[in-house]
Structure formats: C-alpha cells, structure tokens
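Participant: As input, take final05.pdb (PDB, C-alpha atoms):
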```pdb
ATOM      1  CA  MET A   1      16.695 -10.488  24.184
ATOM      2  CA  LEU A   2      16.423  -6.745  24.638
ATOM      3  CA  TYR A   3      12.868  -5.587  25.328
ATOM      4  CA  THR A   4      12.834  -1.841  24.689
ATOM      5  CA  VAL A   5      10.065   0.472  25.855
ATOM      6  CA  LEU A   6      10.840   4.053  24.941
ATOM      7  CA  LYS A   7       9.175   6.749  27.008
ATOM      8  CA  LYS A   8       8.002  10.143  25.928
ATOM      9  CA  GLY A   9      10.786  12.611  25.436
ATOM     10  CA  ALA A  10      12.825  10.223  23.300
ATOM     11  CA  ALA A  11      14.045  11.421  19.903
ATOM     12  CA  GLN A  12      11.137  12.939  18.000
ATOM     13  CA  ARG A  13      12.567  13.060  14.494
ATOM     14  CA  VAL A  14      10.392  11.958  11.616
ATOM     15  CA  ALA A  15      13.315  11.803   9.209
ATOM     16  CA  SER A  16      15.866   9.754  11.101
ATOM     17  CA  THR A  17      19.635   9.546  10.832
ATOM     18  CA  ALA A  18      19.080   6.914   8.166
ATOM     19  CA  SER A  19      19.063   9.611   5.505
ATOM     20  CA  LYS A  20      22.805  10.004   6.186
ATOM     21  CA  ALA A  21      23.608   6.304   5.917
ATOM     22  CA  ALA A  22      23.972   4.118   2.880
ATOM     23  CA  SER A  23      21.000   1.761   2.641
ATOM     24  CA  LYS A  24      20.837  -1.748   1.265
ATOM     25  CA  LYS A  25      18.119  -3.457  -0.713
ATOM     26  CA  LEU A  26      15.881  -5.166   1.790
ATOM     27  CA  SER A  27      15.163  -8.880   1.611
ATOM     28  CA  THR A  28      11.854  -9.876   0.059
ATOM     29  CA  THR A  29      12.140 -13.402   1.489
ATOM     30  CA  ILE A  30       9.488 -14.143   4.105
ATOM     31  CA  GLU A  31      10.958 -16.029   7.077
ATOM     32  CA  GLN A  32       7.803 -16.297   9.155
ATOM     33  CA  VAL A  33       4.126 -15.307   9.094
ATOM     34  CA  PHE A  34       1.785 -14.467  11.966
ATOM     35  CA  VAL A  35      -1.966 -15.021  11.453
ATOM     36  CA  ARG A  36      -5.123 -15.371  13.551
ATOM     37  CA  ARG A  37      -8.286 -17.330  12.742
ATOM     38  CA  PRO A  38     -11.349 -15.112  12.156
ATOM     39  CA  PRO A  39     -13.830 -15.143  15.061
ATOM     40  CA  PRO A  40     -17.443 -16.177  14.409
ATOM     41  CA  ASN A  41     -18.584 -12.578  15.009
ATOM     42  CA  PHE A  42     -16.125 -11.126  12.469
ATOM     43  CA  ALA A  43     -18.975  -9.272  10.735
ATOM     44  CA  LEU A  44     -19.167  -6.920  13.758
ATOM     45  CA  GLY A  45     -15.715  -5.551  12.969
ATOM     46  CA  LEU A  46     -15.037  -1.828  12.826
ATOM     47  CA  THR A  47     -15.439   0.035   9.549
ATOM     48  CA  THR A  48     -15.284   3.692   8.584
ATOM     49  CA  PRO A  49     -18.617   5.568   8.413
ATOM     50  CA  ALA A  50     -18.195   6.157   4.685
ATOM     51  CA  PHE A  51     -17.747   2.435   4.070
ATOM     52  CA  GLY A  52     -20.672   1.405   6.271
ATOM     53  CA  LYS A  53     -21.505  -1.920   7.868
ATOM     54  CA  PRO A  54     -21.211  -5.136   5.838
ATOM     55  CA  SER A  55     -24.145  -7.192   4.652
ATOM     56  CA  ASN A  56     -24.476 -10.797   3.508
ATOM     57  CA  THR A  57     -21.414 -12.013   5.370
ATOM     58  CA  ASP A  58     -20.898 -15.755   5.740
ATOM     59  CA  TYR A  59     -18.633 -17.046   8.513
ATOM     60  CA  GLY A  60     -18.188 -20.472   6.968
ATOM     61  CA  GLN A  61     -17.064 -18.898   3.725
ATOM     62  CA  ALA A  62     -14.792 -16.478   5.597
ATOM     63  CA  LEU A  63     -13.097 -19.350   7.409
ATOM     64  CA  ARG A  64     -12.552 -21.261   4.159
ATOM     65  CA  GLN A  65     -11.113 -18.177   2.488
ATOM     66  CA  TRP A  66      -8.795 -17.570   5.437
ATOM     67  CA  LEU A  67      -7.552 -21.166   5.356
ATOM     68  CA  ARG A  68      -6.767 -20.884   1.641
ATOM     69  CA  TYR A  69      -4.960 -17.594   2.311
ATOM     70  CA  VAL A  70      -2.780 -19.238   4.985
ATOM     71  CA  GLU A  71      -2.180 -22.188   2.672
ATOM     72  CA  VAL A  72      -0.401 -19.892   0.204
ATOM     73  CA  PHE A  73       2.387 -19.340   2.743
ATOM     74  CA  GLU A  74       2.441 -22.950   3.926
ATOM     75  CA  ARG A  75       2.791 -24.294   0.377
ATOM     76  CA  ARG A  76       5.891 -22.138  -0.001
ATOM     77  CA  GLY A  77       7.396 -23.646   3.153
ATOM     78  CA  ILE A  78       7.010 -20.448   5.179
ATOM     79  CA  PRO A  79       6.577 -21.156   8.911
ATOM     80  CA  THR A  80       3.225 -19.890  10.159
ATOM     81  CA  VAL A  81       2.446 -18.830  13.725
ATOM     82  CA  SER A  82      -1.270 -18.991  14.507
ATOM     83  CA  LEU A  83      -2.077 -16.580  17.323
ATOM     84  CA  PRO A  84      -4.619 -17.545  20.014
ATOM     85  CA  PRO A  85      -8.229 -17.029  18.852
ATOM     86  CA  LEU A  86     -10.118 -14.073  20.324
ATOM     87  CA  ASP A  87     -13.697 -15.085  19.665
ATOM     88  CA  GLN A  88     -15.917 -12.961  21.899
ATOM     89  CA  ASP A  89     -14.731  -9.380  22.307
ATOM     90  CA  CYS A  90     -12.494  -8.831  19.271
ATOM     91  CA  PRO A  91     -14.340  -9.251  15.947
ATOM     92  CA  ASP A  92     -11.442  -7.544  14.124
ATOM     93  CA  ALA A  93      -8.856 -10.006  15.467
ATOM     94  CA  VAL A  94      -8.253 -11.648  12.070
ATOM     95  CA  PHE A  95      -6.708  -8.358  10.846
ATOM     96  CA  VAL A  96      -3.419  -8.985  12.640
ATOM     97  CA  GLU A  97      -1.369  -6.531  10.572
ATOM     98  CA  ASP A  98      -2.634  -3.645  12.682
ATOM     99  CA  THR A  99      -1.066  -5.001  15.889
ATOM    100  CA  CYS A 100       2.640  -4.759  15.060
ATOM    101  CA  VAL A 101       5.239  -3.968  12.424
ATOM    102  CA  LEU A 102       8.382  -6.050  11.849
ATOM    103  CA  PHE A 103      11.608  -4.654  10.422
ATOM    104  CA  LYS A 104      15.038  -5.832   9.412
ATOM    105  CA  ASP A 105      17.431  -2.973  10.125
ATOM    106  CA  ASN A 106      19.167  -2.575   6.790
ATOM    107  CA  ILE A 107      22.326  -1.159   8.392
ATOM    108  CA  THR A 108      22.873  -3.349  11.483
ATOM    109  CA  GLY A 109      20.903  -6.423  10.378
ATOM    110  CA  GLU A 110      18.920  -6.395  13.637
ATOM    111  CA  ASP A 111      15.416  -7.844  13.769
ATOM    112  CA  VAL A 112      13.145  -5.175  15.217
ATOM    113  CA  ALA A 113       9.496  -5.506  16.220
ATOM    114  CA  VAL A 114       7.277  -2.527  17.002
ATOM    115  CA  VAL A 115       4.103  -3.259  18.954
ATOM    116  CA  CYS A 116       1.359  -0.856  17.900
ATOM    117  CA  GLU A 117      -1.149   1.069  19.963
ATOM    118  CA  ASN A 118      -4.587   1.061  18.400
ATOM    119  CA  MET A 119      -6.734   4.162  18.590
ATOM    120  CA  ALA A 120      -9.782   1.867  18.781
ATOM    121  CA  ARG A 121      -9.697   0.755  22.425
ATOM    122  CA  GLU A 122     -11.782  -2.352  21.777
ATOM    123  CA  ARG A 123      -8.925  -3.732  19.677
ATOM    124  CA  ARG A 124      -6.216  -3.489  22.336
ATOM    125  CA  PRO A 125      -6.515  -7.105  23.579
ATOM    126  CA  GLU A 126      -5.329  -8.102  20.096
ATOM    127  CA  VAL A 127      -2.154  -6.102  20.641
ATOM    128  CA  GLU A 128      -1.404  -7.784  23.981
ATOM    129  CA  THR A 129      -1.550 -11.307  22.548
ATOM    130  CA  MET A 130       0.677 -10.278  19.637
ATOM    131  CA  LYS A 131       3.221  -8.788  22.042
ATOM    132  CA  GLU A 132       3.280 -12.057  24.007
ATOM    133  CA  ALA A 133       3.911 -14.016  20.799
ATOM    134  CA  LEU A 134       6.793 -11.716  19.824
ATOM    135  CA  LEU A 135       8.416 -12.043  23.240
ATOM    136  CA  LYS A 136       8.263 -15.843  22.998
ATOM    137  CA  GLN A 137      10.239 -15.969  19.767
ATOM    138  CA  GLY A 138      13.282 -18.158  20.251
ATOM    139  CA  PHE A 139      12.143 -19.481  23.628
ATOM    140  CA  ASP A 140       9.245 -21.855  22.934
ATOM    141  CA  ASN A 141       9.937 -22.315  19.218
ATOM    142  CA  ASP A 142      12.863 -22.598  16.808
ATOM    143  CA  HIS A 143      12.640 -19.058  15.460
ATOM    144  CA  ARG A 144      15.219 -16.402  16.187
ATOM    145  CA  PRO A 145      14.275 -13.938  18.920
ATOM    146  CA  PHE A 146      13.917 -10.288  17.990
ATOM    147  CA  ASP A 147      16.918  -8.120  18.824
ATOM    148  CA  ARG A 148      14.684  -5.262  19.883
ATOM    149  CA  ILE A 149      10.978  -4.957  20.653
ATOM    150  CA  GLY A 150       9.652  -1.435  20.935
ATOM    151  CA  VAL A 151       6.253  -0.577  22.373
ATOM    152  CA  LEU A 152       4.187   2.566  21.983
ATOM    153  CA  ASP A 153       3.299   3.830  25.451
ATOM    154  CA  GLY A 154      -0.402   4.399  24.804
ATOM    155  CA  GLU A 155      -0.289   7.982  26.066
ATOM    156  CA  GLY A 156      -1.280   9.712  22.887
ATOM    157  CA  GLU A 157       1.033   7.696  20.607
ATOM    158  CA  MET A 158      -1.220   5.886  18.149
ATOM    159  CA  LEU A 159      -0.122   3.664  15.310
ATOM    160  CA  ASP A 160      -1.788   0.914  13.256
ATOM    161  CA  GLY A 161       0.341  -1.493  11.248
ATOM    162  CA  GLY A 162      -1.985  -0.968   8.290
ATOM    163  CA  ASP A 163      -0.625   2.573   8.038
ATOM    164  CA  VAL A 164       3.024   1.499   7.755
ATOM    165  CA  LEU A 165       4.386   0.956   4.233
ATOM    166  CA  LYS A 166       8.011  -0.175   3.906
ATOM    167  CA  CYS A 167       9.894   0.451   0.680
ATOM    168  CA  PRO A 168      11.634  -2.811  -0.308
ATOM    169  CA  VAL A 169      14.567  -1.128  -2.080
ATOM    170  CA  SER A 170      15.482   1.637   0.375
ATOM    171  CA  ASN A 171      15.358   2.633   4.031
ATOM    172  CA  LYS A 172      12.170   4.657   3.577
ATOM    173  CA  VAL A 173       9.115   3.905   5.697
ATOM    174  CA  TYR A 174       5.902   5.745   4.874
ATOM    175  CA  VAL A 175       3.339   6.118   7.659
ATOM    176  CA  GLY A 176      -0.229   7.205   7.001
ATOM    177  CA  MET A 177      -1.533  10.019   9.169
ATOM    178  CA  SER A 178      -4.996   8.513   9.286
ATOM    179  CA  SER A 179      -7.887   8.231  11.722
ATOM    180  CA  ARG A 180      -5.925   5.371  13.368
ATOM    181  CA  SER A 181      -2.360   6.756  13.448
ATOM    182  CA  ASN A 182      -1.160  10.180  14.570
ATOM    183  CA  ARG A 183       1.926  12.391  14.553
ATOM    184  CA  SER A 184       3.042  11.162  17.988
ATOM    185  CA  GLY A 185       2.881   7.589  16.721
ATOM    186  CA  VAL A 186       4.947   8.481  13.653
ATOM    187  CA  ASP A 187       7.537  10.240  15.815
ATOM    188  CA  LYS A 188       7.772   7.247  18.136
ATOM    189  CA  LEU A 189       8.296   4.882  15.212
ATOM    190  CA  ALA A 190      11.091   7.141  13.948
ATOM    191  CA  SER A 191      12.797   6.993  17.348
ATOM    192  CA  LEU A 192      12.626   3.187  17.286
ATOM    193  CA  LEU A 193      14.084   2.992  13.757
ATOM    194  CA  PRO A 194      17.187   5.239  13.760
ATOM    195  CA  ASN A 195      18.494   3.704  10.525
ATOM    196  CA  HIS A 196      15.288   4.257   8.561
ATOM    197  CA  GLU A 197      13.802   7.397   7.104
ATOM    198  CA  VAL A 198      10.280   7.546   8.532
ATOM    199  CA  ILE A 199       7.944   9.803   6.554
ATOM    200  CA  GLY A 200       4.449  10.793   7.649
ATOM    201  CA  VAL A 201       1.978  11.171   4.766
ATOM    202  CA  PRO A 202      -1.686  12.292   4.728
ATOM    203  CA  VAL A 203      -4.472   9.707   4.546
ATOM    204  CA  THR A 204      -7.933  11.251   4.332
ATOM    205  CA  LYS A 205      -9.937   8.995   1.996
ATOM    206  CA  VAL A 206      -9.495   5.496   3.463
ATOM    207  CA  LEU A 207      -9.025   3.665   6.762
ATOM    208  CA  HIS A 208      -5.277   3.033   6.407
ATOM    209  CA  LEU A 209      -2.459   3.973   4.049
ATOM    210  CA  LYS A 210      -2.312   0.391   2.766
ATOM    211  CA  SER A 211      -6.039   0.553   2.032
ATOM    212  CA  CYS A 212      -5.107   2.558  -1.071
ATOM    213  CA  MET A 213      -1.534   1.521  -1.908
ATOM    214  CA  THR A 214       1.271  -0.951  -1.314
ATOM    215  CA  ALA A 215       4.761  -1.467  -2.792
ATOM    216  CA  LEU A 216       6.151  -3.682  -5.541
ATOM    217  CA  PRO A 217       9.493  -5.525  -5.244
ATOM    218  CA  ASP A 218      11.195  -2.922  -7.457
ATOM    219  CA  GLY A 219      10.174  -0.145  -5.054
ATOM    220  CA  ARG A 220       7.364   1.352  -7.089
ATOM    221  CA  ILE A 221       4.149   2.215  -5.324
ATOM    222  CA  ILE A 222       1.007   0.523  -6.640
ATOM    223  CA  GLY A 223      -2.194   2.436  -5.911
ATOM    224  CA  TYR A 224      -5.821   3.103  -6.751
ATOM    225  CA  ASP A 225      -6.043   6.760  -7.793
ATOM    226  CA  PRO A 226      -9.476   7.706  -6.370
ATOM    227  CA  LEU A 227      -8.271   6.832  -2.855
ATOM    228  CA  VAL A 228      -4.724   8.225  -2.965
ATOM    229  CA  ASP A 229      -4.202  11.694  -1.482
ATOM    230  CA  ASP A 230      -1.009  12.690  -3.326
ATOM    231  CA  VAL A 231       1.454  10.483  -5.243
ATOM    232  CA  ASP A 232       4.156  13.167  -4.969
ATOM    233  CA  PHE A 233       4.863  12.015  -1.407
ATOM    234  CA  PHE A 234       6.107   8.712  -2.862
ATOM    235  CA  GLY A 235       8.357   9.947  -5.636
ATOM    236  CA  GLY A 236       5.757  11.111  -8.135
ATOM    237  CA  ALA A 237       4.341   9.498 -11.255
ATOM    238  CA  ASN A 238       7.618   7.810 -12.261
ATOM    239  CA  ASN A 239       7.558   5.749  -9.066
ATOM    240  CA  TYR A 240       3.855   4.957  -9.157
ATOM    241  CA  LEU A 241       1.778   2.282 -10.901
ATOM    242  CA  SER A 242      -1.904   3.152 -11.118
ATOM    243  CA  VAL A 243      -4.335   0.225 -11.117
ATOM    244  CA  PRO A 244      -8.020   0.139 -12.121
ATOM    245  CA  GLU A 245      -9.433  -1.673  -9.075
ATOM    246  CA  GLU A 246      -9.358  -0.873  -5.378
ATOM    247  CA  GLY A 247      -8.489  -4.485  -4.535
ATOM    248  CA  GLY A 248      -5.564  -4.322  -6.918
ATOM    249  CA  ALA A 249      -3.816  -1.674  -4.829
ATOM    250  CA  HIS A 250      -3.044  -4.322  -2.202
ATOM    251  CA  VAL A 251      -0.273  -6.819  -2.887
ATOM    252  CA  VAL A 252       1.846  -9.010  -0.620
ATOM    253  CA  ILE A 253       5.387  -9.542  -1.885
ATOM    254  CA  LEU A 254       6.107 -13.277  -1.660
ATOM    255  CA  ASP A 255       9.511 -12.939  -3.337
ATOM    256  CA  ASP A 256      11.173 -10.769  -5.990
ATOM    257  CA  LYS A 257       9.039 -12.300  -8.734
ATOM    258  CA  THR A 258       5.815 -13.345  -6.985
ATOM    259  CA  LEU A 259       2.885 -11.357  -5.603
ATOM    260  CA  LEU A 260      -0.187 -12.343  -3.615
ATOM    261  CA  VAL A 261      -3.229 -10.576  -5.099
ATOM    262  CA  ALA A 262      -6.967 -10.589  -4.391
ATOM    263  CA  ALA A 263      -9.334 -12.279  -6.823
ATOM    264  CA  SER A 264     -11.412  -9.087  -6.846
ATOM    265  CA  ALA A 265      -8.827  -7.393  -9.079
ATOM    266  CA  PRO A 266      -8.614  -9.362 -12.365
ATOM    267  CA  ARG A 267      -7.671  -6.347 -14.487
ATOM    268  CA  THR A 268      -4.861  -5.482 -12.086
ATOM    269  CA  ALA A 269      -3.719  -9.106 -12.244
ATOM    270  CA  ASP A 270      -3.433  -8.750 -16.024
ATOM    271  CA  ILE A 271      -1.312  -5.618 -15.606
ATOM    272  CA  LEU A 272       0.995  -7.298 -13.105
ATOM    273  CA  ASP A 273       1.279 -10.364 -15.312
ATOM    274  CA  LYS A 274       2.427  -8.159 -18.181
ATOM    275  CA  GLU A 275       4.905  -6.540 -15.777
ATOM    276  CA  GLY A 276       6.475  -9.987 -15.474
ATOM    277  CA  TYR A 277       5.243 -11.034 -12.035
ATOM    278  CA  ASP A 278       4.026 -14.485 -11.053
ATOM    279  CA  LEU A 279       0.760 -14.265  -9.143
ATOM    280  CA  GLU A 280      -0.903 -16.132  -6.296
ATOM    281  CA  ILE A 281      -4.567 -15.161  -6.430
ATOM    282  CA  VAL A 282      -6.846 -15.605  -3.416
ATOM    283  CA  ASP A 283     -10.521 -14.886  -2.850
ATOM    284  CA  ILE A 284     -10.954 -12.782   0.314
ATOM    285  CA  GLU A 285     -14.378 -11.346  -0.498
ATOM    286  CA  GLN A 286     -15.712 -11.835   3.039
ATOM    287  CA  PHE A 287     -12.903  -9.731   4.485
ATOM    288  CA  GLU A 288     -13.144  -7.082   1.792
ATOM    289  CA  LYS A 289     -16.700  -6.496   3.061
ATOM    290  CA  LEU A 290     -15.041  -5.130   6.215
ATOM    291  CA  GLU A 291     -12.411  -2.997   4.442
ATOM    292  CA  GLY A 292      -9.907  -5.838   4.704
ATOM    293  CA  CYS A 293      -7.309  -6.779   2.107
ATOM    294  CA  VAL A 294      -4.536  -9.312   1.488
ATOM    295  CA  THR A 295      -1.967  -7.398   3.533
ATOM    296  CA  CYS A 296      -3.961  -7.024   6.749
ATOM    297  CA  LEU A 297      -4.611 -10.758   7.256
ATOM    298  CA  SER A 298      -0.986 -11.455   8.210
ATOM    299  CA  VAL A 299       2.220 -10.005   9.624
ATOM    300  CA  ARG A 300       5.292 -11.042   7.645
ATOM    301  CA  ARG A 301       8.802 -11.312   9.048
ATOM    302  CA  ARG A 302      11.525 -10.893   6.422
TER
END
```
Can you give me the file's structure in the form of structure tokens?
Facilitator:
Amino acid sequence: MLYTVLKKGAAQRVASTASKAASKKLSTTIEQVFVRRPPPNFALGLTTPAFGKPSNTDYGQALRQWLRYVEVFERRGIPTVSLPPLDQDCPDAVFVEDTCVLFKDNITGEDVAVVCENMARERRPEVETMKEALLKQGFDNDHRPFDRIGVLDGEGEMLDGGDVLKCPVSNKVYVGMSSRSNRSGVDKLASLLPNHEVIGVPVTKVLHLKSCMTALPDGRIIGYDPLVDDVDFFGGANNYLSVPEEGGAHVVILDDKTLLVAASAPRTADILDKEGYDLEIVDIEQFEKLEGCVTCLSVRRR
C-alpha cells in the first residue's frame, strides 16, 4: 500500500486537472463505515461561541442514540469499524467525520483516504487513531487497503472532514472555508485529488459546511437557508433544495433511493418523502446539542 505524505510546495491548484477529464457518476453504495463510541464526558465537546455550551445532556441517552444510529448501517449489512474509545481527553471523539475524508477516484478507481489536520489542537489524538485504522485496512481485516493515504502536514494546512462535501454525480468537491479549515488545507486536498475539481466556498454562519448543507443522490444540494452563505457557489437555485429545519439540511446517502435523516426534521422528512426517497429516521438529539448531525457521527467508504 502506498502511504503518501505530500510536503509543502506540492501542486497548489484549487481547481484540479479533473475539470479537463470526463467524470463518472460516483457510487452511492457504502462499503464500510467507521464510528467511535461517545465518551462519558461528551458534553464537554467544542462548540462555536454563537451556539454556546449544551445543557441537559444525558450520557445514557446519548449512548443509546449512538447505538441505534450504528444499527442502521448494520441492519443493511454494511461492515462497521469501531475505533478505539478516547474517554478522557477527547470529548468530541464521537464526531469521527472530522478526522478524515474517503474518496473513490472516479477516473482511476483508486481508493484514496485523506487524513485531516484539525485546527483545534485538543482533537488531534482523534486524528492519530483514525490514521492507524486506515493504515491497517487489508492487513488485520478483510477490507481492501487504500491505494493512497494522504496526510496534511500540520504546518498551517487545516482541514476538517465536516467541511468537505462531495457531489455524488460529478467530480466536484466543495470545501468550506470555515473556522476549522483554511485555504492551505483546501489547496492540499486539491493536490491529493488530481482527478477531482476541489472548490473552496465561504462558511461564515456555522461550524462546518455540512452544518448547513449536504447533497442528495441526484446531485442537488439540500440546505437550510438562514445558515447558507451563497447558493450560487453550488449551481444556484436550480441545483438547490431548501428545507425548513436546520436538522433537515443533513442527510446521509444510504443508496440511490434511501436517506438517513434526523428525527428533529419531520417537515423535511415529508418533503423528501414526496421527492420519492425512502427514509431511515434516527433520534440524535443529544449530539445536536453539541452542533452534531447525522453526517458527523460516521465516516463512510463508498
């Protein structure tokens, strides 16, 4: 397995050579899921100042909600990798999506993993354990190893997985320029994904890009208007589905016809039902109290 660590000075293009290549529709089939059990001190997790600190959290309830979330994947026969618990120093550890981003190169077919570098230093032990799990793929389990694993060097290159939004019908990858991800991180991601078009977009109202929007299987962006900076970055109104609840802006694509949606967004669920989607609805209230959503509780390999 090739373990790639690109240094500074590598290609710094945000729009990669992918714009010159014909792209294929990406697979929506989930091959594998990475998760991590919430630590007992999860309520001490980081939040933005505007959001504030949570109140009335319940660890027992959080653990039950997490188990039901994981069960959605297990019931569908999707192999689940449970990362080692980090109970003392990493209250945010359950939000594994921030630690890495997994891609299927839609030109070469390569499996590519990008290990993130978190701007919040207290979260970096989470990244190390994720990197170890990625490197073990194919050696101590039956899963295919990754063809390439890229790592941000930590010297000013910052990227959270929650800021990375992949379009399921093209080679476009949108990256939020948020308080957790910066231009150097976007440029590094572009250098690691030469067959994708990596596009940096502003994020000023929420923690991560996927705090306000995600993507549907047909490629449309689904978002909550009060938290979206500018829909024109994503193809404009014709490529955008506005939903009435913040929790409804977050969906996990389970397959072409099925979405995982939070129970906090019943009106959005009605809209998606009328759009023809089957829905798996989960209650993640305890994690929403910490700005969490259905996407950030797992990393999906497709």
Participant: Measuring atom to atom with all atoms listed in the file, identify which of A:Pro54, A:Pro40, A:Pro79, A:Pro91 is nearest to Arg301 of chain A.
Facilitator: A:Pro79
Participant: For this file, the PyMOL selection byres ((chain A and resi 298) around 6) selects which residues, as an NGL selection string?
Facilitator: :A and (34-35 or 96-97 or 296-297 or 299)
Participant: Might you pull out every residue within 9 Å of Phe42 of chain A, with all atoms listed in the file counted and same-chain residues fewer than 6 positions away left off, and present them as a VMD selection string?
Facilitator: chain A and resid 57 59 62 87 90 to 94 287 290
Participant: How would you write, as a tab-separated table (two decimals) with C-alpha atoms, keeping the file's coordinate frame, the residues chosen by the PyMOL selection byres ((chain A and resi 265) around 10) on this structure?
Facilitator:
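The result, written out as out18.tsv:
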```tsv
chain	number	residue	atom	x	y	z
A	243	VAL	CA	-4.34	0.22	-11.12
A	244	PRO	CA	-8.02	0.14	-12.12
A	245	GLU	CA	-9.43	-1.67	-9.07
A	246	GLU	CA	-9.36	-0.87	-5.38
A	247	GLY	CA	-8.49	-4.49	-4.54
A	248	GLY	CA	-5.56	-4.32	-6.92
A	249	ALA	CA	-3.82	-1.67	-4.83
A	250	HIS	CA	-3.04	-4.32	-2.20
A	261	VAL	CA	-3.23	-10.58	-5.10
A	262	ALA	CA	-6.97	-10.59	-4.39
A	263	ALA	CA	-9.33	-12.28	-6.82
A	264	SER	CA	-11.41	-9.09	-6.85
A	266	PRO	CA	-8.61	-9.36	-12.36
A	267	ARG	CA	-7.67	-6.35	-14.49
A	268	THR	CA	-4.86	-5.48	-12.09
A	269	ALA	CA	-3.72	-9.11	-12.24
A	270	ASP	CA	-3.43	-8.75	-16.02
A	281	ILE	CA	-4.57	-15.16	-6.43
A	283	ASP	CA	-10.52	-14.89	-2.85
```
Participant: For a quick check of understanding, using only C-alpha atoms, which of A:Ala215, A:Ile199, A:Lys205, A:Asn106 has the smallest distance to Val228 of chain A?
Facilitator: A:Lys205
Participant: Of the candidates A:Tyr224, A:Phe95, A:Phe146, A:Phe233, which shows the shortest atom-to-atom distance to Gly176 of chain A, using all atoms listed in the file?
Facilitator: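 So, comparing all the options, the nearest one is A:Phe233.
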Participant: Evaluating the PyMOL selection byres ((chain A and resi 29-33) around 12) on the displayed file yields which residues, as a PyMOL selection string?
Facilitator: chain A and resi 25-28+34-36+69-74+76-83+96-97+101-104+111+133-134+137+141-145+168+217+252-259+295-302
Participant: Within 8 Å of (-6.6, 7.1, 8.2), only C-alpha atoms: residues as a ChimeraX atom specification?
Facilitator: /A:163,176-181,202-209
Participant: Any chance you can output those residues with C-alpha atoms as a tab-separated table (two decimals), in the frame of the given file?
Facilitator:
```
chain	number	residue	atom	x	y	z
A	163	ASP	CA	-0.62	2.57	8.04
A	176	GLY	CA	-0.23	7.20	7.00
A	177	MET	CA	-1.53	10.02	9.17
A	178	SER	CA	-5.00	8.51	9.29
A	179	SER	CA	-7.89	8.23	11.72
A	180	ARG	CA	-5.92	5.37	13.37
A	181	SER	CA	-2.36	6.76	13.45
A	202	PRO	CA	-1.69	12.29	4.73
A	203	VAL	CA	-4.47	9.71	4.55
A	204	THR	CA	-7.93	11.25	4.33
A	205	LYS	CA	-9.94	8.99	2.00
A	206	VAL	CA	-9.49	5.50	3.46
A	207	LEU	CA	-9.02	3.66	6.76
A	208	HIS	CA	-5.28	3.03	6.41
A	209	LEU	CA	-2.46	3.97	4.05
```
Participant: May I have the residues within 6 Å of Cys116 of chain A as number ranges by chain, using all atoms listed in the file and disregarding those fewer than 3 positions away in the same chain?
Facilitator: A: 99-100, 159-160
Participant: Quick one: of A:Lys274, A:Gln286, A:Val294, A:Asn239, who's nearest to Gly60 of chain A, counting all atoms listed in the file?
Facilitator: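 Going through A:Lys274, A:Gln286, A:Val294, A:Asn239 one by one, the smallest distance to Gly60 of chain A is for A:Gln286.
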Participant: Would you mind reading off the distance between atom CA of Ala113 of chain A and atom CA of Arg68 of chain A, one decimal, in Å?
Facilitator: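 If I compute the distance from atom CA of Ala113 of chain A to atom CA of Arg68 of chain A, I get 26.7 Å.
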Participant: Would you mind reading off the distance between atom CA of Asp89 of chain A and atom CA of Thr47 of chain A, one decimal, in Å?
Facilitator: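 Computing it gives 15.9 Å between the two atoms.
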Participant: Residues within 12 Å of Val115 of chain A, please, as a PDB file with C-alpha atoms, in the coordinates of the input. Count only C-alpha atoms; anything in the same chain fewer than 3 positions from it doesn't count.
Facilitator:
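Generated file (part.pdb):
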```
ATOM      1  CA  TYR A   3      12.868  -5.587  25.328  1.00  0.00           C
ATOM      2  CA  THR A   4      12.834  -1.841  24.689  1.00  0.00           C
ATOM      3  CA  VAL A   5      10.065   0.472  25.855  1.00  0.00           C
ATOM      4  CA  LEU A   6      10.840   4.053  24.941  1.00  0.00           C
ATOM      5  CA  VAL A  96      -3.419  -8.985  12.640  1.00  0.00           C
ATOM      6  CA  GLU A  97      -1.369  -6.531  10.572  1.00  0.00           C
ATOM      7  CA  ASP A  98      -2.634  -3.645  12.682  1.00  0.00           C
ATOM      8  CA  THR A  99      -1.066  -5.001  15.889  1.00  0.00           C
ATOM      9  CA  CYS A 100       2.640  -4.759  15.060  1.00  0.00           C
ATOM     10  CA  VAL A 101       5.239  -3.968  12.424  1.00  0.00           C
ATOM     11  CA  LEU A 102       8.382  -6.050  11.849  1.00  0.00           C
ATOM     12  CA  PHE A 103      11.608  -4.654  10.422  1.00  0.00           C
ATOM     13  CA  VAL A 112      13.145  -5.175  15.217  1.00  0.00           C
ATOM     14  CA  ASN A 118      -4.587   1.061  18.400  1.00  0.00           C
ATOM     15  CA  ARG A 124      -6.216  -3.489  22.336  1.00  0.00           C
ATOM     16  CA  GLU A 126      -5.329  -8.102  20.096  1.00  0.00           C
ATOM     17  CA  VAL A 127      -2.154  -6.102  20.641  1.00  0.00           C
ATOM     18  CA  GLU A 128      -1.404  -7.784  23.981  1.00  0.00           C
ATOM     19  CA  THR A 129      -1.550 -11.307  22.548  1.00  0.00           C
ATOM     20  CA  MET A 130       0.677 -10.278  19.637  1.00  0.00           C
ATOM     21  CA  LYS A 131       3.221  -8.788  22.042  1.00  0.00           C
ATOM     22  CA  GLU A 132       3.280 -12.057  24.007  1.00  0.00           C
ATOM     23  CA  ALA A 133       3.911 -14.016  20.799  1.00  0.00           C
ATOM     24  CA  LEU A 134       6.793 -11.716  19.824  1.00  0.00           C
ATOM     25  CA  LEU A 135       8.416 -12.043  23.240  1.00  0.00           C
ATOM     26  CA  ARG A 148      14.684  -5.262  19.883  1.00  0.00           C
ATOM     27  CA  ILE A 149      10.978  -4.957  20.653  1.00  0.00           C
ATOM     28  CA  GLY A 150       9.652  -1.435  20.935  1.00  0.00           C
ATOM     29  CA  VAL A 151       6.253  -0.577  22.373  1.00  0.00           C
ATOM     30  CA  LEU A 152       4.187   2.566  21.983  1.00  0.00           C
ATOM     31  CA  ASP A 153       3.299   3.830  25.451  1.00  0.00           C
ATOM     32  CA  GLY A 154      -0.402   4.399  24.804  1.00  0.00           C
ATOM     33  CA  GLU A 157       1.033   7.696  20.607  1.00  0.00           C
ATOM     34  CA  MET A 158      -1.220   5.886  18.149  1.00  0.00           C
ATOM     35  CA  LEU A 159      -0.122   3.664  15.310  1.00  0.00           C
ATOM     36  CA  ASP A 160      -1.788   0.914  13.256  1.00  0.00           C
ATOM     37  CA  GLY A 161       0.341  -1.493  11.248  1.00  0.00           C
ATOM     38  CA  GLY A 185       2.881   7.589  16.721  1.00  0.00           C
ATOM     39  CA  LYS A 188       7.772   7.247  18.136  1.00  0.00           C
ATOM     40  CA  LEU A 189       8.296   4.882  15.212  1.00  0.00           C
ATOM     41  CA  LEU A 192      12.626   3.187  17.286  1.00  0.00           C
ATOM     42  CA  VAL A 299       2.220 -10.005   9.624  1.00  0.00           C
TER      43      VAL A 299
END
```
